[in-house]
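Next comes model-v4.cif, a file with mmCIF, C-alpha atoms.
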data_my_file
#
loop_
_atom_site.label_atom_id
_atom_site.label_comp_id
_atom_site.auth_asym_id
_atom_site.auth_seq_id
_atom_site.Cartn_x
_atom_site.Cartn_y
_atom_site.Cartn_z
CA MET A 21 0.00 0.00 0.00
CA THR A 22 1.26 3.47 -0.93
CA TYR A 23 -0.07 6.35 1.14
CA GLY A 24 -0.41 9.99 0.18
CA PHE A 25 -1.21 12.77 2.66
CA VAL A 26 -2.85 15.96 1.43
CA GLY A 27 -2.32 18.41 4.26
CA ALA A 28 0.70 18.23 6.57
CA GLY A 29 -0.43 19.11 10.07
CA GLU A 30 -0.18 17.47 13.47
CA ILE A 31 -2.38 14.47 12.66
CA THR A 32 -0.53 13.77 9.42
CA ALA A 33 2.79 13.91 11.26
CA ALA A 34 1.48 11.56 13.95
CA ILE A 35 0.22 8.93 11.48
CA VAL A 36 3.37 9.11 9.37
CA GLU A 37 5.57 8.61 12.42
CA GLY A 38 3.43 5.71 13.59
CA LEU A 39 3.69 4.07 10.16
CA SER A 40 7.43 4.63 9.87
CA LYS A 41 9.30 4.69 13.20
CA ASP A 42 11.09 1.45 14.08
CA ILE A 43 9.26 -0.41 11.29
CA THR A 44 11.35 -2.94 9.34
CA ASP A 45 9.45 -2.56 6.06
CA PRO A 46 7.44 0.67 6.24
CA PRO A 47 5.03 1.72 3.47
CA THR A 48 5.99 4.35 0.92
CA ILE A 49 4.50 7.71 1.90
CA TYR A 50 4.06 10.88 -0.16
CA LEU A 51 3.43 14.20 1.54
CA SER A 52 1.75 17.40 0.44
CA PRO A 53 3.88 20.52 -0.12
CA ARG A 54 1.58 22.28 2.36
CA GLY A 55 3.39 22.47 5.67
CA ARG A 56 6.66 21.85 3.81
CA SER A 57 8.72 22.20 7.00
CA VAL A 58 6.76 19.34 8.55
CA GLY A 59 7.28 17.21 5.46
CA GLN A 60 10.98 17.97 5.27
CA GLU A 61 11.44 17.01 8.92
CA LEU A 62 9.63 13.72 8.38
CA SER A 63 11.44 12.92 5.14
CA ALA A 64 14.76 13.62 6.85
CA ARG A 65 13.91 11.13 9.58
CA PHE A 66 12.34 8.39 7.48
CA ALA A 67 13.65 7.10 4.15
CA ASN A 68 10.16 5.92 3.10
CA VAL A 69 8.72 9.47 3.25
CA HIS A 70 8.83 11.82 0.25
CA VAL A 71 7.64 15.43 -0.11
CA CYS A 72 5.91 16.15 -3.42
CA ASP A 73 5.85 19.40 -5.40
CA SER A 74 2.04 19.48 -5.53
CA ASN A 75 -1.06 17.90 -4.07
CA GLN A 76 -1.76 16.34 -7.46
CA ALA A 77 1.62 14.61 -7.36
CA VAL A 78 0.64 13.13 -3.99
CA VAL A 79 -2.58 11.76 -5.49
CA ASP A 80 -0.84 10.47 -8.61
CA ASN A 81 1.70 8.48 -6.58
CA ALA A 82 -0.62 7.06 -3.92
CA THR A 83 -3.15 4.26 -3.86
CA THR A 84 -4.70 5.54 -0.62
CA VAL A 85 -5.03 9.29 -0.01
CA ILE A 86 -5.48 10.69 3.50
CA LEU A 87 -7.05 14.16 3.58
CA GLY A 88 -5.92 16.31 6.51
CA VAL A 89 -6.61 19.91 5.48
CA ARG A 90 -8.83 22.37 7.35
CA PRO A 91 -12.55 21.63 6.72
CA PRO A 92 -13.31 25.11 5.28
CA ILE A 93 -10.91 24.55 2.38
CA ALA A 94 -11.74 20.88 1.73
CA ARG A 95 -13.93 21.59 -1.29
CA GLU A 96 -11.36 23.90 -2.89
CA VAL A 97 -8.55 21.37 -2.37
CA LEU A 98 -10.46 18.28 -3.54
CA THR A 99 -12.10 19.78 -6.61
CA GLU A 100 -8.68 20.87 -7.89
CA LEU A 101 -7.43 17.26 -7.80
CA THR A 102 -7.94 14.44 -10.30
CA PHE A 103 -8.67 11.10 -8.65
CA ARG A 104 -8.71 7.63 -10.19
CA PRO A 105 -11.68 5.26 -9.75
CA GLY A 106 -9.40 2.90 -7.83
CA HIS A 107 -8.38 5.50 -5.27
CA ILE A 108 -9.29 5.13 -1.60
CA LEU A 109 -9.81 8.53 0.05
CA ILE A 110 -9.70 8.67 3.84
CA SER A 111 -10.90 11.96 5.28
CA ALA A 112 -9.69 13.09 8.70
CA LEU A 113 -11.97 16.15 8.64
CA ALA A 114 -14.57 16.73 11.33
CA GLY A 115 -18.12 17.45 10.19
CA VAL A 116 -17.66 16.95 6.42
CA PRO A 117 -20.14 14.22 5.35
CA LEU A 118 -19.52 11.39 2.92
CA SER A 119 -22.03 12.83 0.44
CA GLN A 120 -19.93 15.98 -0.02
CA LEU A 121 -16.65 14.10 -0.11
CA ARG A 122 -17.98 11.75 -2.81
CA GLU A 123 -19.07 14.72 -4.92
CA TRP A 124 -15.80 16.60 -4.55
CA ALA A 125 -13.51 13.58 -5.02
CA ALA A 126 -15.32 11.79 -7.88
CA PRO A 127 -14.58 9.35 -9.43
CA ALA A 128 -12.80 7.91 -6.36
CA ALA A 129 -15.03 4.98 -5.47
CA GLU A 130 -13.98 4.24 -1.88
CA ILE A 131 -14.31 7.09 0.63
CA VAL A 132 -13.99 6.76 4.40
CA ARG A 133 -14.38 9.30 7.21
CA SER A 134 -12.10 8.95 10.22
CA ILE A 135 -11.02 10.54 13.51
CA PRO A 136 -7.33 9.68 14.01
CA LEU A 137 -5.70 11.01 17.18
CA PRO A 138 -2.19 12.30 18.03
CA PRO A 139 -1.19 9.07 19.87
CA ALA A 140 -1.00 7.50 16.39
CA SER A 141 2.66 8.56 16.55
CA ARG A 142 3.13 5.94 19.30
CA ARG A 143 0.76 3.49 17.58
CA GLN A 144 -1.79 4.04 20.34
CA SER A 145 -4.65 5.82 18.56
CA LEU A 146 -8.05 4.12 18.61
CA THR A 147 -9.46 5.62 15.42
CA ALA A 148 -13.19 5.87 14.77
CA MET A 149 -14.00 5.39 11.08
CA TYR A 150 -17.01 4.94 8.80
CA PRO A 151 -17.84 3.03 6.72
CA ASP A 152 -15.83 -0.10 7.34
CA ASN A 153 -13.10 -0.54 4.74
CA ALA A 154 -10.33 -3.13 4.72
CA GLU A 155 -7.56 -0.75 3.61
CA ALA A 156 -8.57 1.98 6.06
CA ARG A 157 -8.83 -0.55 8.87
CA ALA A 158 -5.36 -1.90 8.04
CA LEU A 159 -3.96 1.65 8.17
CA PHE A 160 -5.51 2.56 11.49
CA ASP A 161 -4.95 -0.82 13.10
CA SER A 162 -1.25 -0.37 12.36
CA VAL A 163 -1.22 2.87 14.41
CA GLY A 164 -3.26 1.65 17.36
CA GLY A 165 -6.64 0.21 16.41
CA SER A 166 -10.01 1.10 14.90
CA VAL A 167 -13.68 1.19 15.80
CA VAL A 168 -16.60 1.43 13.36
CA PRO A 169 -19.87 2.94 14.67
CA GLY A 170 -23.24 1.83 13.40
CA LYS A 171 -23.93 4.84 11.20
CA GLU A 172 -22.15 7.87 9.77
CA GLU A 173 -23.92 10.36 12.04
CA ASP A 174 -22.33 8.70 15.07
CA LEU A 175 -18.92 9.98 13.96
CA ASP A 176 -20.01 13.45 15.03
CA ILE A 177 -20.52 12.11 18.55
CA PHE A 178 -16.97 10.73 18.56
CA SER A 179 -15.67 14.08 17.28
CA ALA A 180 -17.53 15.91 20.05
CA ALA A 181 -15.95 13.62 22.64
CA THR A 182 -12.47 14.51 21.36
CA ALA A 183 -13.35 18.21 21.77
CA THR A 184 -12.94 17.69 25.53
CA PHE A 185 -9.14 17.35 25.39
CA ALA A 186 -8.30 21.01 26.06
CA ALA A 187 -10.91 21.27 28.81
CA HIS A 188 -9.52 18.14 30.49
CA LEU A 189 -5.98 19.50 30.37
CA ASP A 190 -7.23 22.84 31.71
CA TYR A 191 -8.85 20.95 34.62
CA LEU A 192 -5.48 19.33 35.38
CA GLY A 193 -3.80 22.72 35.07
CA THR A 194 -6.26 24.12 37.61
CA ILE A 195 -5.32 21.39 40.09
CA ALA A 196 -1.59 22.06 39.61
CA ALA A 197 -2.14 25.82 39.94
CA TRP A 198 -4.12 25.30 43.15
CA MET A 199 -1.23 23.28 44.58
CA THR A 200 1.13 26.13 43.69
CA ASP A 201 -1.21 28.61 45.38
CA GLN A 202 -0.89 26.51 48.53
CA GLY A 203 2.91 26.88 48.46
CA VAL A 204 4.06 23.86 46.40
CA ASP A 205 6.78 24.55 43.84
CA ASP A 206 5.23 25.01 40.39
CA THR A 207 7.41 22.38 38.69
CA VAL A 208 6.75 19.86 41.44
CA ALA A 209 3.00 20.54 41.30
CA THR A 210 2.92 20.03 37.54
CA THR A 211 5.04 16.89 37.71
CA PHE A 212 2.90 15.38 40.47
CA THR A 213 -0.40 16.20 38.75
CA SER A 214 0.84 14.84 35.42
CA HIS A 215 2.04 11.66 37.12
CA ILE A 216 -1.11 10.82 39.07
CA PHE A 217 -3.40 11.42 36.11
CA GLY A 218 -1.03 9.66 33.73
CA GLN A 219 -1.28 6.62 36.00
CA LEU A 220 -5.04 7.02 36.10
CA GLY A 221 -5.00 6.94 32.31
CA GLN A 222 -3.20 3.61 32.45
CA ALA A 223 -5.92 2.30 34.75
CA LEU A 224 -8.49 3.40 32.16
CA LEU A 225 -6.72 1.53 29.39
CA HIS A 226 -6.66 -1.70 31.40
CA HIS A 227 -10.22 -1.50 32.77
CA ASP A 228 -12.87 -3.60 31.04
CA GLY A 229 -15.95 -2.49 32.98
CA SER A 230 -17.96 0.73 33.02
CA LEU A 231 -16.48 4.09 33.92
CA GLU A 232 -19.00 4.28 36.74
CA THR A 233 -17.49 1.13 38.22
CA LEU A 234 -13.97 2.53 37.92
CA THR A 235 -15.12 5.76 39.59
CA GLY A 236 -16.45 3.74 42.52
CA LYS A 237 -13.10 2.00 42.91
CA HIS A 238 -11.40 5.38 43.35
CA MET A 239 -13.46 6.59 46.28
CA THR A 240 -14.60 5.33 49.66
CA PRO A 241 -17.78 6.29 51.55
CA GLY A 242 -17.14 9.49 53.43
CA GLY A 243 -13.71 9.85 51.82
CA LEU A 244 -12.00 12.80 50.18
CA ASN A 245 -12.70 11.70 46.59
CA GLU A 246 -16.38 11.31 47.39
CA GLN A 247 -16.42 14.79 48.95
CA LEU A 248 -14.91 16.50 45.92
CA LEU A 249 -17.15 14.60 43.48
CA ALA A 250 -20.24 15.50 45.51
CA ASP A 251 -19.27 19.19 45.50
CA LEU A 252 -18.79 19.18 41.71
CA ARG A 253 -22.12 17.44 41.20
CA THR A 254 -23.85 19.90 43.53
CA ASP A 255 -22.46 22.71 41.38
CA ARG A 256 -23.84 20.84 38.35
CA VAL A 257 -20.47 20.51 36.67
CA PRO A 258 -21.51 17.28 34.86
CA ASP A 259 -24.57 19.11 33.48
CA THR A 260 -22.32 21.90 32.22
CA VAL A 261 -20.14 19.35 30.42
CA ARG A 262 -23.20 17.78 28.80
CA ARG A 263 -24.47 21.17 27.62
CA ALA A 264 -21.06 22.02 26.17
CA LEU A 265 -20.94 18.66 24.34
CA ASP A 266 -24.44 19.28 22.99
CA GLY A 267 -23.20 22.61 21.64
CA VAL A 268 -20.24 21.01 19.89
CA LEU A 269 -22.45 18.32 18.38
CA THR A 270 -24.91 20.93 17.11
CA ARG A 271 -22.04 22.84 15.48
CA LEU A 272 -20.76 19.67 13.79
CA ARG A 273 -24.17 18.72 12.44
CA ASP A 274 -25.04 22.22 11.24
CA LYS A 275 -22.11 22.29 8.80
#
Written as structure tokens, how would this file's structure read?
Amino acid sequence: MTYGFVGAGEITAAIVEGLSKDITDPPTIYLSPRGRSVGQELSARFANVHVCDSNQAVVDNATTVILGVRPPIAREVLTELTFRPGHILISALAGVPLSQLREWAAPAAEIVRSIPLPPASRRQSLTAMYPDNAEARALFDSVGGSVVPGKEEDLDIFSAATATFAAHLDYLGTIAAWMTDQGVDDTVATTFTSHIFGQLGQALLHHDGSLETLTGKHMTPGGLNEQLLADLRTDRVPDTVRRALDGVLTRLRDK
């Protein structure tokens, strides 16, 4: 399989690294001239990666094309390209439906939407994709794994869930800042907060039950964890999160 990436941002860099680093026989990869500095860095690190002079050259050389441009310019980029009927186009764009992608990328017959994540660089991204496609599944399984929801509209729900990353990190930053306010050295507070939640993340990855069950395992009746959770629920923090997620989902589906 020969991969071509149109758009050279963070997600492209993550997937390319996951496909190439410490791999005995990595696939041949062609990169868009957009974000040339990113492409040059990747091509300098990996012999299987090549930067093309144009997006069309990427498409001409690849059997599978991964689209990673900003959604507002997707139509402009795709309609300027000439696809072959045998091309597989994998879109990593949030909120752009298959119907539009099929129109803009005709006559490419196989088109897949996906939500790859930055941990693809470590081959630890569980990528939501739709519809199921053997080549797309092979790509994403090689950088961590894949999951296929029941219908296309569900991808917007997965995208909304990923919109919580910055808020989650801001929550952790608030905890570290509070520790600093109490007199703990800033570096120590950040290191400690990163460590305890990094370890909690490992517990998440190795837990097979519900998140509610895992929550229960991290608090005791009358304990400190129960106290903090009760205060947040009293202040309706979970309801605020749900409303914010509803807003993101509405934005995705109104495109």
| request: Quick one: pull the distance between atom CA of Phe160 of chain A and atom CA of Asp190 of chain A, Å, one decimal. | output: 28.7 Å
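Using only C-alpha atoms, the shortest contact distance between Leu121 of chain A and any of A:Gly24, A:Pro136, A:Pro91, A:Pro105 is found at A:Pro91.
When all atoms listed in the file are used to measure the gap to Leu192 of chain A, the shortest distance among A:Ala209, A:Glu246, A:Glu232, A:Ser179 belongs to A:Ala209.
If you look at atom CA of Arg65 of chain A and atom CA of Lys41 of chain A, they are 8.7 Å away from each other.
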| field | Reference answer for the PyMOL selection byres ((chain A and resi 47) around 8), as an MDAnalysis selection string | value | chainID A and resid 21:23 39:40 45:46 48:49 68
| task | For Glu155 of chain A, please output as a PyMOL selection string all residues within 12 Å (counting all atoms listed in the file; exclusion window: fewer than 2 positions along the same chain). | result | chain A and resi 21-23+83-86+107-110+130-132+149+151-153+157-162+166
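If you measure from each of A:Gly88, A:Asp42, A:Leu269, A:Val261 to Ala67 of chain A using only C-alpha atoms, the closest one turns out to be A:Asp42.
Candidate residues A:Thr99, A:Ser134, A:Gln247, A:Thr270 were compared for distance to Val116 of chain A, and the nearest is A:Ser134, using all atoms listed in the file.
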Residue completion, segment 163-180 of chain A, N, CA, C and O atoms, as a short mmCIF file (atom, residue, chain, number, x, y, z; two decimals), in the coordinates of the input:
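Result file is part12.cif:
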data_model
loop_
_atom_site.label_atom_id
_atom_site.label_comp_id
_atom_site.auth_asym_id
_atom_site.auth_seq_id
_atom_site.Cartn_x
_atom_site.Cartn_y
_atom_site.Cartn_z
N VAL A 163 -1.62 1.77 13.52
CA VAL A 163 -1.22 2.87 14.41
C VAL A 163 -2.05 2.89 15.69
O VAL A 163 -2.18 3.93 16.33
N GLY A 164 -2.62 1.74 16.05
CA GLY A 164 -3.26 1.65 17.36
C GLY A 164 -4.55 0.86 17.42
O GLY A 164 -4.86 0.23 18.42
N GLY A 165 -5.37 0.92 16.38
CA GLY A 165 -6.64 0.21 16.41
C GLY A 165 -7.74 1.03 15.77
O GLY A 165 -7.56 2.21 15.46
N SER A 166 -8.90 0.41 15.55
CA SER A 166 -10.01 1.10 14.90
C SER A 166 -11.34 0.64 15.49
O SER A 166 -11.44 -0.46 16.04
N VAL A 167 -12.32 1.51 15.38
CA VAL A 167 -13.68 1.19 15.80
C VAL A 167 -14.62 1.77 14.76
O VAL A 167 -14.41 2.88 14.26
N VAL A 168 -15.64 1.00 14.39
CA VAL A 168 -16.60 1.43 13.36
C VAL A 168 -17.98 1.55 13.98
O VAL A 168 -18.58 0.54 14.37
N PRO A 169 -18.52 2.78 14.11
CA PRO A 169 -19.87 2.94 14.67
C PRO A 169 -20.94 2.43 13.71
O PRO A 169 -20.65 2.09 12.55
N GLY A 170 -22.16 2.40 14.19
CA GLY A 170 -23.24 1.83 13.40
C GLY A 170 -23.69 2.66 12.23
O GLY A 170 -24.20 2.13 11.24
N LYS A 171 -23.50 3.98 12.30
CA LYS A 171 -23.93 4.84 11.20
C LYS A 171 -23.03 6.07 11.14
O LYS A 171 -22.36 6.42 12.12
N GLU A 172 -23.05 6.74 9.99
CA GLU A 172 -22.15 7.87 9.77
C GLU A 172 -22.37 8.98 10.79
O GLU A 172 -21.40 9.59 11.29
N GLU A 173 -23.62 9.26 11.13
CA GLU A 173 -23.92 10.36 12.04
C GLU A 173 -23.25 10.20 13.40
O GLU A 173 -22.96 11.18 14.09
N ASP A 174 -22.96 8.95 13.77
CA ASP A 174 -22.33 8.70 15.07
C ASP A 174 -20.90 9.25 15.12
O ASP A 174 -20.37 9.49 16.21
N LEU A 175 -20.27 9.42 13.96
CA LEU A 175 -18.92 9.98 13.96
C LEU A 175 -18.88 11.36 14.59
O LEU A 175 -17.89 11.75 15.21
N ASP A 176 -19.96 12.13 14.42
CA ASP A 176 -20.01 13.45 15.03
C ASP A 176 -19.98 13.36 16.56
O ASP A 176 -19.42 14.24 17.22
N ILE A 177 -20.55 12.31 17.10
CA ILE A 177 -20.52 12.11 18.55
C ILE A 177 -19.09 11.83 19.00
O ILE A 177 -18.62 12.37 20.02
N PHE A 178 -18.37 11.00 18.24
CA PHE A 178 -16.97 10.73 18.56
C PHE A 178 -16.14 12.00 18.47
O PHE A 178 -15.27 12.26 19.30
N SER A 179 -16.40 12.81 17.44
CA SER A 179 -15.67 14.08 17.28
C SER A 179 -15.94 15.00 18.46
O SER A 179 -15.02 15.66 18.97
N ALA A 180 -17.19 15.07 18.90
CA ALA A 180 -17.53 15.91 20.05
C ALA A 180 -16.78 15.45 21.29
O ALA A 180 -16.29 16.27 22.08
#
